[in-house]
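Student: Got a structure for you, written out below as structure tokens; questions coming shortly.
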Amino acid sequence: MSHREWWRDAVVYQIYPRSFADADGDGQGDLAGIRARLPYLVELGVDAVWLTPFYPSPMADGGYDVADFCDVDPRFGTLADFDALVADAAGHGIRVIVDIVPNHCSAEHPWFKQALAAEPGSPARERFIFRDEPNNWQSMFGGPAWTQVEDGQWYLHLFDSSQPDWNWRHPDVPALFEDVLRFWLDRGVAGFRVDVAGAMFKDAALPDLPPGTPPDAEPSPYSHQPETLAEHRRWRKILDSYGDRVAILEQWSDNPETMAPYLGDGQLQQVFNFTLMSTPWSAADWRAAIESSVAITAGRPVTAPWVLENHDAPRLATRLGVDQSIIRNPTEEALRGEIDIDRERGLRRARAAALIQLALPGSAYVYQGQELGLHEVLDIPADRREDPIFTRTAGAIFGRDGCRVPLPWSGDAPPYGFADHPVRTWLPQPGDWAGQTVAAQSADPGSMLNLYRTAVRLRREHLGSAPDPAFFDAGPGTLAFTRGPGFALVANLGEEPVALPAHTGTLLASGPLEGDLLPADTAVWVSR
Ligand code: NOJ
């Protein structure tokens, strides 16, 4: 008899450990901090957490520069802290997913240090991609994707120069990562979020790109190689040998043809759906994005993990607070304050978007602070910024620090309970977060936090095994779908109030209704 895998419709909470909760008071979050806050996650109702990297790292790219894939960085704690976290989480019915970063390591990884110390052409260099001449590839973070070492050779790094790419054609590399998977599976993790999952193997010829091609153009000679898919199938066998474990691939493409091979039989189970992170606030655009995404997974043994926010993108409330008719997506101009951001409106829309996300089939990823409706922090001083994107573009692009600021838990001033005594947090918190804290929002029945708590509970009660969305017309500017006969979502992404369609009751609304009218930028779950 087939059973419904836990991950299909799970609500997964993304934790950025450095910014979640600081138990040891050094201004950076840690595993003990997460463990102490598990009751918060229980109250939120999440099924699992995904921890972004907490491995030993120089932190040149927020921990995605891993120096040892099988340990815990001392700033976050120890392996014993990790084991205790997994055990306590399990006691609360919460699974723990960890990040695996297979495209590159840190320049501090022992194998890269050996490669640097070795001669050109030596076996130690073969584990990475060293060449006598670079090709014309550019780094995703700006600047060239090659750095020259003292003896004149160049090595490839699709990201920062401190993140050398592995040569997946060298047998040591797949063997290392298969061991890494087993290491964490043996410690009880529920699965993996796979960083830059499509980029492991490169076209062996390393061909130049046509001049002017942006580094994230698809397809490219550094993504979607058949050998990558074959390696994922080997990983799937390892996961299956442990039972009900899952892998979720980070893949920024939403092109069905690119995605299809990753969603086939025997592949890893889920590919992130980032479509809604860049869809402008219009009913037609959201409907098209949802329909094409649902079509990609239809008939396959997979479901979409929907994402509105993560640690790589501007906060949703800020993105949706930008006039969507002038500017369709957040840009550096908006973040720099050169274009107005209507914070109230952005938050109203983010509340409506939460009800849309949580009504969709598949799993839902919620990035820490999304449930608090936090805005992007725009005024981080240049000398406190940490994202390599900022430095590699000489400050031309702000990068991702503004969505990574330590969470506000309680109190009226920094560190807002992030640590229990005054401390300089690794990124500065804004002075106006007193009303945003977990404590303040817990006490306010109308808060974003309480909206999330209720929505997650109702989702479980009403949408557990509900059918896929069936869209219907609820008037101009509306996005409306049923999930079976008894449940409908209606969201008003237009400018004018609309009449609510026939319903028997209101389960939850993202904002006040005007009698039987659904105001602009508001969503509602109704029973029918
Ligand atoms: C995607 C991660 O989410 C991002 O934070 C990181 O910088 C790159 N991959 C490189 O690992």
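For the structure tokens, the naming scheme is as follows: chains receive sequential letters (A, B, ...) according to their order of presentation, residues are indexed from 1 within each chain, and ligands are indexed from 1 in presentation order.
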Counting only C-alpha atoms and all ligand atoms, what are the residues, protein, DNA or RNA alike, that approach ligand 1 to within 7 Å? I want them as JSON, numbers by chain.
Tutor: {"A": [61, 62, 64, 65, 101, 159, 195, 196, 311, 312]}
Student: Give me every strand (DSSP E or B) residue in range 287-425 of chain A, going by DSSP on the backbone, as an MDAnalysis selection string.
Tutor: chainID A and resid 305:307 322 341 363:367
Student: With distances taken over only C-alpha atoms, which residue among A:His232, A:Val423, A:Arg457, A:Trp252 lies nearest Glu218 in chain A?
Tutor: A:Trp252
Student: My list of candidates is A:His3, A:Arg336, A:Arg35, A:His462. Which is closest to Asp379 in chain A when distances are computed with only C-alpha atoms?
Tutor: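 When distances to Asp379 in chain A are compared using only C-alpha atoms, the smallest one comes from A:Arg336.
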Student: For Pro361 in chain A, which of A:Asp342, A:Glu150, A:Glu291, A:Asp401 is the closest residue, counting only C-alpha atoms?
Tutor: A:Glu291
Student: Determine the nearest neighbour of Pro469 in chain A from the options A:Ala434, A:Ala440, A:Ile356, A:Leu451, counting only C-alpha atoms.
Tutor: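 Counting only C-alpha atoms, the residue closest to Pro469 in chain A is A:Ile356.
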Student: Mind checking which residues fall within 7 Å of range 52-59 of chain A, counting only C-alpha atoms, ignoring those fewer than 6 positions away in the same chain, and posting them as a JSON list (two decimals) with all heavy atoms, in the first residue's frame?
Tutor:
[["chain", "number", "residue", "atom", "x", "y", "z"],
["A", 15, "ILE", "N", 15.61, 28.06, 8.82],
["A", 15, "ILE", "CA", 16.39, 28.75, 9.85],
["A", 15, "ILE", "C", 17.76, 29.14, 9.30],
["A", 15, "ILE", "O", 18.48, 28.30, 8.74],
["A", 15, "ILE", "CB", 16.57, 27.84, 11.09],
["A", 15, "ILE", "CG1", 15.21, 27.62, 11.75],
["A", 15, "ILE", "CG2", 17.57, 28.44, 12.08],
["A", 15, "ILE", "CD1", 15.26, 26.80, 13.02],
["A", 16, "TYR", "N", 18.09, 30.40, 9.45],
["A", 16, "TYR", "CA", 19.43, 30.89, 9.13],
["A", 16, "TYR", "C", 20.13, 30.98, 10.49],
["A", 16, "TYR", "O", 19.92, 31.95, 11.24],
["A", 16, "TYR", "CB", 19.30, 32.25, 8.44],
["A", 16, "TYR", "CG", 20.56, 32.72, 7.76],
["A", 16, "TYR", "CD1", 20.94, 32.20, 6.53],
["A", 16, "TYR", "CD2", 21.37, 33.69, 8.35],
["A", 16, "TYR", "CE1", 22.09, 32.62, 5.91],
["A", 16, "TYR", "CE2", 22.53, 34.12, 7.72],
["A", 16, "TYR", "CZ", 22.88, 33.59, 6.50],
["A", 16, "TYR", "OH", 24.03, 34.01, 5.88],
["A", 17, "PRO", "N", 20.90, 29.95, 10.88],
["A", 17, "PRO", "CA", 21.30, 29.81, 12.28],
["A", 17, "PRO", "C", 21.99, 31.05, 12.87],
["A", 17, "PRO", "O", 21.81, 31.37, 14.04],
["A", 17, "PRO", "CB", 22.24, 28.61, 12.28],
["A", 17, "PRO", "CG", 21.80, 27.80, 11.10],
["A", 17, "PRO", "CD", 21.36, 28.81, 10.07],
["A", 65, "ASP", "N", 30.52, 28.54, 2.27],
["A", 65, "ASP", "CA", 31.93, 28.27, 2.01],
["A", 65, "ASP", "C", 32.35, 27.31, 3.11],
["A", 65, "ASP", "O", 32.74, 27.70, 4.19],
["A", 65, "ASP", "CB", 32.74, 29.57, 2.01],
["A", 65, "ASP", "CG", 32.46, 30.49, 3.20],
["A", 65, "ASP", "OD1", 31.28, 30.58, 3.64],
["A", 65, "ASP", "OD2", 33.42, 31.08, 3.72],
["A", 66, "VAL", "N", 32.24, 26.00, 2.81],
["A", 66, "VAL", "CA", 32.34, 24.98, 3.85],
["A", 66, "VAL", "C", 33.76, 24.42, 3.91],
["A", 66, "VAL", "O", 34.28, 23.93, 2.90],
["A", 66, "VAL", "CB", 31.33, 23.83, 3.58],
["A", 66, "VAL", "CG1", 31.42, 22.78, 4.67],
["A", 66, "VAL", "CG2", 29.91, 24.37, 3.45],
["A", 67, "ALA", "N", 34.36, 24.48, 5.08],
["A", 67, "ALA", "CA", 35.73, 23.97, 5.24],
["A", 67, "ALA", "C", 35.73, 22.51, 5.71],
["A", 67, "ALA", "O", 36.73, 21.81, 5.56],
["A", 67, "ALA", "CB", 36.50, 24.84, 6.24],
["A", 68, "ASP", "N", 34.62, 22.06, 6.30],
["A", 68, "ASP", "CA", 34.52, 20.67, 6.74],
["A", 68, "ASP", "C", 33.03, 20.32, 6.71],
["A", 68, "ASP", "O", 32.24, 20.92, 7.45],
["A", 68, "ASP", "CB", 35.08, 20.52, 8.16],
["A", 68, "ASP", "CG", 34.97, 19.10, 8.69],
["A", 68, "ASP", "OD1", 34.29, 18.27, 8.05],
["A", 68, "ASP", "OD2", 35.56, 18.82, 9.75],
["A", 69, "PHE", "N", 32.67, 19.39, 5.84],
["A", 69, "PHE", "CA", 31.25, 19.10, 5.62],
["A", 69, "PHE", "C", 30.65, 18.24, 6.74],
["A", 69, "PHE", "O", 29.45, 18.01, 6.75],
["A", 69, "PHE", "CB", 31.05, 18.40, 4.27],
["A", 69, "PHE", "CG", 31.34, 19.30, 3.10],
["A", 69, "PHE", "CD1", 32.63, 19.43, 2.58],
["A", 69, "PHE", "CD2", 30.32, 20.06, 2.53],
["A", 69, "PHE", "CE1", 32.89, 20.27, 1.52],
["A", 69, "PHE", "CE2", 30.57, 20.91, 1.46],
["A", 69, "PHE", "CZ", 31.87, 21.02, 0.95],
["A", 71, "ASP", "N", 31.11, 18.60, 10.31],
["A", 71, "ASP", "CA", 31.31, 19.10, 11.68],
["A", 71, "ASP", "C", 30.47, 20.38, 11.86],
["A", 71, "ASP", "O", 29.82, 20.82, 10.91],
["A", 71, "ASP", "CB", 32.80, 19.37, 11.92],
["A", 71, "ASP", "CG", 33.16, 19.28, 13.42],
["A", 71, "ASP", "OD1", 32.24, 19.24, 14.26],
["A", 71, "ASP", "OD2", 34.37, 19.29, 13.72],
["A", 72, "VAL", "N", 30.54, 20.91, 13.06],
["A", 72, "VAL", "CA", 29.79, 22.13, 13.39],
["A", 72, "VAL", "C", 30.82, 23.24, 13.64],
["A", 72, "VAL", "O", 31.81, 23.01, 14.35],
["A", 72, "VAL", "CB", 28.92, 21.91, 14.64],
["A", 72, "VAL", "CG1", 28.25, 23.20, 15.09],
["A", 72, "VAL", "CG2", 27.87, 20.83, 14.38],
["A", 73, "ASP", "N", 30.58, 24.41, 13.09],
["A", 73, "ASP", "CA", 31.48, 25.53, 13.36],
["A", 73, "ASP", "C", 31.37, 25.90, 14.85],
["A", 73, "ASP", "O", 30.26, 25.97, 15.38],
["A", 73, "ASP", "CB", 31.07, 26.74, 12.51],
["A", 73, "ASP", "CG", 32.12, 27.84, 12.55],
["A", 73, "ASP", "OD1", 32.25, 28.52, 13.60],
["A", 73, "ASP", "OD2", 32.83, 28.01, 11.54],
["A", 76, "PHE", "N", 28.69, 28.07, 16.20],
["A", 76, "PHE", "CA", 27.32, 27.55, 16.29],
["A", 76, "PHE", "C", 27.18, 26.45, 17.33],
["A", 76, "PHE", "O", 26.07, 26.03, 17.63],
["A", 76, "PHE", "CB", 26.86, 27.01, 14.93],
["A", 76, "PHE", "CG", 26.79, 28.07, 13.86],
["A", 76, "PHE", "CD1", 27.46, 27.91, 12.65],
["A", 76, "PHE", "CD2", 26.05, 29.22, 14.06],
["A", 76, "PHE", "CE1", 27.40, 28.88, 11.67],
["A", 76, "PHE", "CE2", 25.98, 30.21, 13.08],
["A", 76, "PHE", "CZ", 26.66, 30.03, 11.88],
["A", 98, "VAL", "N", 19.01, 19.44, 6.60],
["A", 98, "VAL", "CA", 20.23, 20.25, 6.58],
["A", 98, "VAL", "C", 20.62, 20.56, 5.14],
["A", 98, "VAL", "O", 20.11, 19.95, 4.20],
["A", 98, "VAL", "CB", 21.41, 19.57, 7.34],
["A", 98, "VAL", "CG1", 21.06, 19.40, 8.81],
["A", 98, "VAL", "CG2", 21.80, 18.25, 6.70],
["A", 99, "ASP", "N", 21.53, 21.50, 5.00],
["A", 99, "ASP", "CA", 21.96, 21.95, 3.69],
["A", 99, "ASP", "C", 23.15, 21.11, 3.26],
["A", 99, "ASP", "O", 24.02, 20.80, 4.08],
["A", 99, "ASP", "CB", 22.43, 23.41, 3.84],
["A", 99, "ASP", "CG", 21.94, 24.31, 2.72],
["A", 99, "ASP", "OD1", 22.32, 24.06, 1.58],
["A", 99, "ASP", "OD2", 21.20, 25.26, 3.03]]
Student: Applying 8 Å and only C-alpha atoms, which residues near Ser527 in chain A remain after dropping the ones on its own chain fewer than 2 positions away? List them as a compact mmCIF listing (two decimals) with C-alpha atoms, in the first residue's frame.
Tutor:
# COMPACT_ATOMS: atom_id res chain seq x y z
CA GLY A 486 -15.60 22.66 0.67
CA PHE A 487 -12.68 25.13 0.49
CA ALA A 488 -11.88 28.20 -1.57
CA HIS A 503 -19.73 30.84 0.70
CA THR A 504 -20.98 29.33 3.92
CA GLY A 505 -18.35 30.75 6.26
CA THR A 506 -15.08 32.60 6.54
CA LEU A 507 -12.21 30.46 7.83
CA TRP A 525 -10.16 31.33 2.98
